[in-house]
Each structure stands twice: as structure tokens, then as C-alpha cells.
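Shown below: final-v1.csv, with CSV, C-alpha atoms and all ligand atoms.
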chain,number,residue,atom,x,y,z
A,1,MET,CA,145.6,87.7,91.7
A,2,SER,CA,148.6,86.4,93.7
A,3,VAL,CA,148.2,83.7,96.3
A,4,PRO,CA,147.1,85.0,99.7
A,5,LYS,CA,149.8,84.9,102.4
A,6,VAL,CA,148.3,83.7,105.7
A,7,TYR,CA,149.7,84.6,109.1
A,8,ILE,CA,149.9,81.7,111.6
A,9,ASN,CA,151.6,82.4,114.9
A,10,GLY,CA,154.0,85.0,113.6
A,11,LYS,CA,154.9,83.2,110.3
A,12,TYR,CA,153.5,83.6,106.8
A,13,TYR,CA,152.4,80.7,104.6
A,14,ASP,CA,151.0,80.6,101.1
A,15,LYS,CA,147.3,79.8,101.2
A,16,PRO,CA,147.8,76.1,100.2
A,17,ASP,CA,150.4,75.6,102.9
A,18,ALA,CA,148.4,77.5,105.6
A,19,LYS,CA,147.4,74.6,107.9
A,20,VAL,CA,146.8,73.9,111.6
A,21,SER,CA,146.5,70.6,113.5
A,22,VAL,CA,143.4,68.4,113.2
A,23,TYR,CA,143.7,68.2,117.0
A,24,ASP,CA,142.9,72.0,117.2
A,25,HIS,CA,140.0,72.4,119.5
A,26,GLY,CA,138.8,75.2,117.2
A,27,LEU,CA,138.1,72.4,114.7
A,28,LEU,CA,137.1,69.7,117.1
A,29,TYR,CA,134.8,71.8,119.3
A,30,GLY,CA,134.3,75.3,117.7
A,31,ASP,CA,136.5,76.4,120.6
A,32,GLY,CA,137.9,79.8,119.7
A,33,VAL,CA,137.0,83.4,118.7
A,34,PHE,CA,137.2,85.4,115.5
A,35,GLU,CA,136.6,88.7,113.8
A,36,GLY,CA,135.6,89.7,110.2
A,37,ILE,CA,137.0,93.1,109.3
A,38,ARG,CA,137.1,95.2,106.1
A,39,VAL,CA,140.0,96.9,104.5
A,40,TYR,CA,139.1,100.1,102.6
A,41,ASN,CA,141.7,102.2,100.9
A,42,SER,CA,144.5,100.1,102.4
A,43,LYS,CA,143.2,101.0,105.9
A,44,VAL,CA,141.7,98.5,108.4
A,45,PHE,CA,138.2,99.8,109.1
A,46,ARG,CA,137.4,100.4,112.8
A,47,HIS,CA,140.4,98.3,113.7
A,48,GLN,CA,140.4,99.1,117.4
A,49,GLU,CA,136.7,98.2,117.8
A,50,HIS,CA,137.3,94.8,116.2
A,51,ILE,CA,140.4,94.2,118.4
A,52,ASP,CA,138.5,95.2,121.5
A,53,ARG,CA,135.6,92.8,120.7
A,54,LEU,CA,138.1,90.0,119.9
A,55,TYR,CA,139.7,90.4,123.3
A,56,GLU,CA,136.3,90.6,125.1
A,57,SER,CA,135.2,87.5,123.3
A,58,ALA,CA,138.4,85.7,124.3
A,59,LYS,CA,138.0,86.8,127.9
A,60,ALA,CA,134.4,85.5,127.9
A,61,ILE,CA,135.5,82.0,126.9
A,62,ASP,CA,138.6,82.2,129.2
A,63,LEU,CA,141.1,82.1,126.3
A,64,LYS,CA,144.4,83.9,126.7
A,65,ILE,CA,145.5,85.4,123.4
A,66,PRO,CA,149.3,85.1,123.2
A,67,LEU,CA,149.7,88.6,121.8
A,68,THR,CA,148.9,92.0,123.4
A,69,PRO,CA,146.1,93.9,121.6
A,70,ASP,CA,148.8,96.3,120.1
A,71,GLU,CA,150.9,93.3,118.9
A,72,MET,CA,147.7,91.9,117.3
A,73,LYS,CA,146.9,95.2,115.6
A,74,LYS,CA,150.4,95.3,114.1
A,75,ALA,CA,150.2,91.7,113.0
A,76,VAL,CA,146.9,92.5,111.2
A,77,GLU,CA,148.4,95.6,109.6
A,78,ASP,CA,151.5,93.8,108.5
A,79,THR,CA,149.5,91.0,106.9
A,80,VAL,CA,147.4,93.5,105.0
A,81,THR,CA,150.5,95.2,103.8
A,82,LEU,CA,152.2,92.0,102.8
A,83,ASN,CA,149.2,91.0,100.7
A,84,HIS,CA,149.1,94.4,99.0
A,85,LYS,CA,145.4,94.7,99.7
A,86,LYS,CA,143.7,98.0,99.0
A,87,GLU,CA,140.2,96.6,99.4
A,88,GLY,CA,139.5,93.3,101.1
A,89,TYR,CA,138.4,91.3,104.0
A,90,ILE,CA,140.3,90.1,107.0
A,91,ARG,CA,139.5,87.0,109.0
A,92,LEU,CA,141.2,87.0,112.3
A,93,VAL,CA,140.9,83.8,114.2
A,94,VAL,CA,142.2,82.7,117.6
A,95,THR,CA,141.6,79.0,118.3
A,96,ARG,CA,142.1,77.2,121.6
A,97,GLY,CA,144.8,75.3,119.7
A,98,PRO,CA,145.8,71.7,119.5
A,99,GLY,CA,145.3,69.6,122.6
A,100,THR,CA,144.0,66.2,123.6
A,101,LEU,CA,140.8,64.6,122.2
A,102,GLY,CA,138.8,65.6,125.3
A,103,LEU,CA,137.1,68.9,126.0
A,104,ASP,CA,139.7,69.9,128.6
A,105,PRO,CA,141.4,73.0,127.1
A,106,ARG,CA,144.3,73.1,129.6
A,107,ARG,CA,146.8,71.3,127.3
A,108,CYS,CA,145.9,73.5,124.3
A,109,ASP,CA,148.2,76.2,122.9
A,110,PRO,CA,146.3,78.9,121.0
A,111,ASN,CA,146.7,79.4,117.3
A,112,VAL,CA,146.5,82.9,115.9
A,113,ILE,CA,145.5,83.0,112.3
A,114,ILE,CA,145.1,86.1,110.0
A,115,ILE,CA,143.7,85.7,106.5
A,116,VAL,CA,143.4,88.6,104.1
A,117,ASP,CA,141.4,87.9,101.0
A,118,ASP,CA,138.3,89.0,99.1
A,119,ILE,CA,134.7,88.6,100.1
A,120,SER,CA,131.4,89.0,98.4
A,121,LEU,CA,128.5,88.0,100.6
A,122,TYR,CA,125.4,88.7,98.5
A,123,PRO,CA,125.1,89.2,94.7
A,124,PRO,CA,125.3,92.8,93.5
A,125,GLU,CA,121.7,92.8,92.2
A,126,LEU,CA,120.5,92.4,95.8
A,127,TYR,CA,122.3,95.5,96.8
A,128,GLU,CA,120.4,97.3,94.0
A,129,ASN,CA,116.9,95.8,94.6
A,130,GLY,CA,117.0,94.7,98.2
A,131,MET,CA,116.6,91.1,99.4
A,132,PRO,CA,113.9,88.9,100.9
A,133,ILE,CA,114.4,87.2,104.2
A,134,VAL,CA,112.5,84.5,106.1
A,135,THR,CA,112.1,84.0,109.9
A,136,SER,CA,113.9,81.0,111.1
A,137,SER,CA,112.4,78.4,113.4
A,138,ILE,CA,115.8,78.2,115.1
A,139,ILE,CA,116.0,80.7,117.9
A,140,ARG,CA,119.2,82.6,118.6
A,141,ASN,CA,121.4,81.2,121.3
A,142,HIS,CA,120.1,82.1,124.7
A,143,PRO,CA,122.6,84.5,126.4
A,144,ASN,CA,122.7,82.2,129.4
A,145,ALA,CA,123.7,79.3,127.3
A,146,LEU,CA,126.2,80.9,124.9
A,147,SER,CA,126.1,84.7,124.6
A,148,PRO,CA,125.6,86.0,121.1
A,149,ARG,CA,127.8,88.8,122.2
A,150,ILE,CA,130.8,86.4,122.0
A,151,LYS,CA,132.0,86.1,118.4
A,152,SER,CA,132.9,82.5,118.9
A,153,LEU,CA,133.8,79.8,116.4
A,154,ASN,CA,130.6,78.1,117.4
A,155,TYR,CA,128.3,79.3,114.6
A,156,LEU,CA,126.1,76.2,114.3
A,157,ASN,CA,123.1,78.2,115.6
A,158,ASN,CA,123.4,80.6,112.8
A,159,ILE,CA,124.3,78.0,110.2
A,160,LEU,CA,121.1,76.0,111.0
A,161,ALA,CA,119.1,79.2,110.4
A,162,LYS,CA,121.0,79.9,107.2
A,163,ILE,CA,120.2,76.4,105.9
A,164,GLU,CA,116.5,77.2,106.5
A,165,ALA,CA,116.8,80.4,104.6
A,166,ILE,CA,118.4,78.8,101.7
A,167,ARG,CA,115.8,76.0,101.6
A,168,ALA,CA,113.2,78.8,101.5
A,169,GLY,CA,114.9,80.4,98.5
A,170,CYS,CA,116.5,83.3,100.6
A,171,LEU,CA,120.0,84.2,101.5
A,172,GLU,CA,119.3,85.5,105.0
A,173,ALA,CA,117.1,84.4,108.0
A,174,LEU,CA,115.7,86.5,110.7
A,175,MET,CA,116.5,85.0,114.1
A,176,LEU,CA,114.3,85.6,117.1
A,177,ASN,CA,115.3,85.2,120.7
A,178,ALA,CA,113.8,82.9,123.3
A,179,ASN,CA,111.1,85.6,124.1
A,180,GLY,CA,110.1,85.7,120.5
A,181,GLU,CA,111.6,89.1,119.9
A,182,VAL,CA,113.7,90.0,116.9
A,183,ALA,CA,117.4,89.4,117.6
A,184,GLU,CA,119.4,89.5,114.4
A,185,CYS,CA,120.1,87.7,111.1
A,186,THR,CA,122.6,84.9,110.7
A,187,GLY,CA,125.6,87.2,110.1
A,188,ASP,CA,124.1,90.7,110.2
A,189,ASN,CA,122.3,93.1,112.6
A,190,ILE,CA,118.8,94.3,111.6
A,191,PHE,CA,117.3,97.7,111.5
A,192,VAL,CA,113.8,99.0,110.7
A,193,ILE,CA,112.5,102.5,109.9
A,194,LYS,CA,109.0,103.4,111.0
A,195,HIS,CA,107.6,107.0,110.6
A,196,GLY,CA,111.2,108.3,110.1
A,197,VAL,CA,112.6,106.6,113.3
A,198,LEU,CA,115.4,104.1,113.0
A,199,LYS,CA,115.0,101.2,115.3
A,200,THR,CA,117.2,98.2,116.1
A,201,PRO,CA,117.2,95.7,119.0
A,202,GLY,CA,119.5,96.5,121.9
A,203,THR,CA,122.2,94.1,123.1
A,204,GLU,CA,119.8,92.7,125.7
A,205,ALA,CA,117.9,91.1,122.8
A,206,GLY,CA,120.8,88.7,122.5
A,207,ILE,CA,122.7,89.9,119.5
A,208,LEU,CA,126.3,90.4,118.5
A,209,GLU,CA,127.0,94.1,119.0
A,210,GLY,CA,128.0,94.7,115.4
A,211,VAL,CA,130.7,97.2,114.6
A,212,THR,CA,128.8,98.2,111.4
A,213,ARG,CA,125.6,98.5,113.5
A,214,ASN,CA,127.4,101.0,115.7
A,215,VAL,CA,128.8,102.9,112.7
A,216,VAL,CA,125.3,103.2,111.2
A,217,ILE,CA,123.8,104.4,114.5
A,218,GLU,CA,126.5,107.1,114.5
A,219,LEU,CA,125.9,108.1,110.9
A,220,ALA,CA,122.1,108.3,111.5
A,221,LYS,CA,122.6,110.6,114.5
A,222,ARG,CA,124.9,112.8,112.4
A,223,LEU,CA,122.1,112.9,109.7
A,224,LYS,CA,119.6,113.9,112.5
A,225,ILE,CA,117.7,110.7,112.1
A,226,GLU,CA,116.1,109.6,115.4
A,227,VAL,CA,117.6,106.3,116.6
A,228,LYS,CA,116.0,103.9,119.2
A,229,GLU,CA,117.4,100.7,120.5
A,230,VAL,CA,114.2,98.9,121.4
A,231,ALA,CA,112.7,95.4,121.5
A,232,LEU,CA,111.2,94.6,118.1
A,233,THR,CA,108.8,91.8,117.2
A,234,ARG,CA,108.1,90.2,113.8
A,235,HIS,CA,105.2,92.6,113.5
A,236,ASP,CA,107.6,95.5,113.5
A,237,ILE,CA,109.4,94.0,110.6
A,238,TYR,CA,106.2,93.3,108.5
A,239,ALA,CA,104.8,96.7,109.3
A,240,ALA,CA,108.1,98.7,108.8
A,241,ASP,CA,108.4,101.4,106.1
A,242,GLU,CA,112.0,100.2,105.5
A,243,CYS,CA,114.3,97.5,106.7
A,244,PHE,CA,118.0,96.8,106.2
A,245,LEU,CA,120.9,94.7,107.5
A,246,THR,CA,124.4,95.7,108.5
A,247,GLY,CA,127.6,93.7,108.8
A,248,SER,CA,131.3,94.0,108.0
A,249,ALA,CA,131.0,91.6,105.1
A,250,ALA,CA,127.4,92.7,104.1
A,251,GLU,CA,128.0,96.4,104.7
A,252,VAL,CA,124.4,98.0,104.4
A,253,ILE,CA,121.8,96.0,102.4
A,254,ALA,CA,118.1,96.7,102.1
A,255,VAL,CA,115.5,94.0,103.1
A,256,THR,CA,112.5,94.3,100.9
A,257,ALA,CA,110.4,91.3,102.0
A,258,CYS,CA,110.1,89.1,105.1
A,259,ASP,CA,108.1,85.8,105.1
A,260,GLY,CA,106.6,86.7,101.8
A,261,ARG,CA,105.3,90.1,103.0
A,262,SER,CA,106.8,93.0,101.1
A,263,ILE,CA,108.2,95.7,103.4
A,264,GLY,CA,107.2,99.3,102.6
A,265,THR,CA,107.1,99.8,98.9
A,266,GLY,CA,109.0,96.5,98.3
A,267,LYS,CA,112.0,98.5,97.1
A,268,PRO,CA,115.0,99.9,99.1
A,269,GLY,CA,113.6,103.0,100.9
A,270,PRO,CA,115.0,106.5,101.0
A,271,ILE,CA,116.5,106.4,104.5
A,272,THR,CA,118.1,103.1,103.8
A,273,LYS,CA,119.6,104.6,100.7
A,274,GLN,CA,120.8,107.7,102.6
A,275,LEU,CA,122.5,105.5,105.2
A,276,ARG,CA,124.0,103.2,102.6
A,277,GLU,CA,125.4,106.2,100.8
A,278,ALA,CA,126.8,107.8,104.0
A,279,PHE,CA,128.4,104.4,104.8
A,280,GLN,CA,130.0,104.2,101.3
A,281,ALA,CA,131.2,107.8,101.7
A,282,LEU,CA,132.7,107.1,105.1
A,283,THR,CA,134.5,103.9,104.1
A,284,ARG,CA,135.7,105.1,100.7
A,285,GLU,CA,136.7,108.6,101.8
B,1,LIG,N1,125.5,89.4,113.9
B,1,LIG,C1,126.2,88.3,113.7
B,1,LIG,C2,125.6,87.0,114.1
B,1,LIG,C3,127.4,88.3,113.0
B,1,LIG,O1,128.1,87.2,112.7
B,1,LIG,C4,127.9,89.6,112.5
B,1,LIG,C5,129.2,89.7,111.8
B,1,LIG,N2,129.2,89.0,110.5
B,1,LIG,C6,127.1,90.7,112.7
B,1,LIG,C7,126.0,90.6,113.5
B,1,LIG,C8,127.6,92.0,112.3
B,1,LIG,O2,128.7,92.5,113.0
B,1,LIG,P1,129.8,93.4,112.4
B,1,LIG,O3,129.1,94.6,111.9
B,1,LIG,O4,130.7,93.7,113.5
B,1,LIG,O5,130.5,92.7,111.3
Would you mind writing the file's structure down as C-alpha cells?
Ligand code: PMP
Amino acid sequence: MSVPKVYINGKYYDKPDAKVSVYDHGLLYGDGVFEGIRVYNSKVFRHQEHIDRLYESAKAIDLKIPLTPDEMKKAVEDTVTLNHKKEGYIRLVVTRGPGTLGLDPRRCDPNVIIIVDDISLYPPELYENGMPIVTSSIIRNHPNALSPRIKSLNYLNNILAKIEAIRAGCLEALMLNANGEVAECTGDNIFVIKHGVLKTPGTEAGILEGVTRNVVIELAKRLKIEVKEVALTRHDIYAADECFLTGSAAEVIAVTACDGRSIGTGKPGPITKQLREAFQALTRE
């Protein structure tokens, strides 16, 4: 494979030369926003939704992106074309930019970075057989501290939960909110199926409103599966007939155990399979 060409502020650099300042507040403080987007059949999947979320996240952290949303869309498309990517993953990052060593962002000049590369989040056998998860002791960021709806560069909350999962021999952790309700996993949204009804926490649970989540809800409605956005507890996960996760990188993946309890039959369930197939058909059409 040829070396990825990375967009930084309107110019392209070969991967080894794609660098930003060590004074960038994105590095120093996690001050910035990002998106993770898939390319299927040379097309950027749900491009507008990702751009909209990026600009909403930027607004929420009071970061002025130096491109209009249309200019950003074009920059993303040009970077995909330049990298000849038919199938791949885009990491779109806007940092506060280099400034002084203090927190004050006023002297910073944002950096816009677009990386187009490959990604494989979980091993293929987990897509076949489903994966076990554990509940993390780390609660998801409280919305009044740092809203999980902001896709910010500050992912420590999720990373701490991920470390716990890995220590427990899993690749994903279930994160609860401050009320003890189910929020999401470290990089994915979570769904359960009980008596044929598809349930997922609403945004008020303190989650990132996933683009894949919304696509799966749309697909379920098209397939006449009843969908409810409701508060869920750990009991709803343990007692579910089926469970799965969604994310741009993860796509749709079954969860077959949580905290050592097998979910349903302990194998990917029929509605999960149906939705996974519908998602594959939509993205590979
Ligand atoms: N929750 C979190 C915390 C995430 O980081 C992500 C994205 N990786 C998601 C959910 C899923 O969002 P999307 O479907 O837009 O990728």
C-alpha cells in the first residue's frame, strides 16, 4: 500500500512528514474536536451528518473552524480521492492549535487535519461469534462537566474504561452514567433486544449521538422492528435476548456476554444478524 497523504491546513504531507506543533493545545490539553468516518465504495458514508456533528462539537467548545462546512466536506472528499481509497476510514481532527503553555486558547490558531487510512477495531472472529464486555467502574463524563455529546479530543474517560476492559480480558467496556443507568461503550453505542423490541439509551443518558446508531434505528424502523429510546440499567443488559454495539469503526457487532453472564443464547441473535446484514447492504450497495 502506498504511504497515506495527510491533509493539514490545506496542504498534503506523506504520513511520516505529517506533523503539528508540540505547543498544539490538542496535544497539551485534549483541546479540540474530531470525527471518525467510513468510506464505502469510494463514497464518504453519512458525510453531512458527520460534518454537522463536528461543527456542533466545535461550537460547544467555542472553537471556530477556519473552513465553512462545505469547504470542509470538499477537503475530506479531495483527501479521499488523492489517497485512492475505495474502502477506508477518515479521521478528521480540528485542534485548538499551537499557543502558549497556559490553558488560555486566545493565542491559538486551529489546525485542521484529515487522515485517510485503514481501520480494524475488533478481530474478525468477534464479528462472527460476538464479544464479551464488562461494566466499567469509571462512569461516563457527566453532561454538566463535559458533555458526551461533544466528540472532543478529551477521551481519557473512555480510555480509563477501556483499560479496565482490557485488564478483564475484554475489548469493550460498558459505561454507566452518574445515575447508574447504561450510557454507552468506550467507542460505540449500545442496543438491546427484548421480546422483539429494540432499545437504546436516549441522548439524555449522556451519550455521543452516534451516526451509526441513527442509521441502525432507521434500518430497524424500515424492517418494522419497534424501536424505543429509553433508560436502561445493567439488568436490561443481563436479561436481554440480544445485545449489540454500533460505531463508525465498529459498524454493528454482537455482544454475547456482559460481566460473565451470557446474553440470550450466548450467540449473535437473529435481529442483530438482520440489522447487521441490512447495514452491510446499505453501506456496500
Ligand atoms: N460513543 C462514543 C463514545 C464514540 O466515540 C463513538 C464513535 N467511535 C460512538 C459512540 C459511535 O458513534 P458513530 O456511530 O458516530 O461512530
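Near ligand LIG 1 (chain B), the residues found within 8 Å are Glu35, Gly36, Ile37, His50, Pro148, Lys151, Asn158, Glu184, Cys185, Thr186, Gly187, Asp188, Asn189, Ile207, Leu208, Glu209, Gly210, Val211, Thr212, Arg213, Asn214, Thr246, Gly247, Ser248, Ala249, Ala250 and Glu251 of chain A (criterion computed using only C-alpha atoms and all ligand atoms).
Here CA of Thr265 in chain A stands at a distance of 20.1 Å from CA of Ile225 in chain A.
Residues with at least one atom no more than 9 Å from (137.2, 83.5, 119.3), using all atoms listed in the file, are Gly26, Gly30, Asp31, Gly32, Val33, Phe34, Glu35, Leu54, Tyr55, Ser57, Ala58, Ile61, Leu63, Leu92, Val93, Val94, Thr95, Arg96, Ile150, Lys151, Ser152, Leu153 and Asn154 of chain A.
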Closest of A:Ser262, A:Ser2, A:Ser147, A:Thr256 to Gly206 in chain A, counting all atoms listed in the file, is A:Ser147
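Counting all atoms listed in the file and comparing A:Met72, A:Leu82, A:Ile115, A:Glu56, the residue that lies closest to Val6 in chain A is A:Ile115.
With CA of Cys258 in chain A on one side and CA of Lys194 in chain A on the other, the separation reads 15.5 Å.
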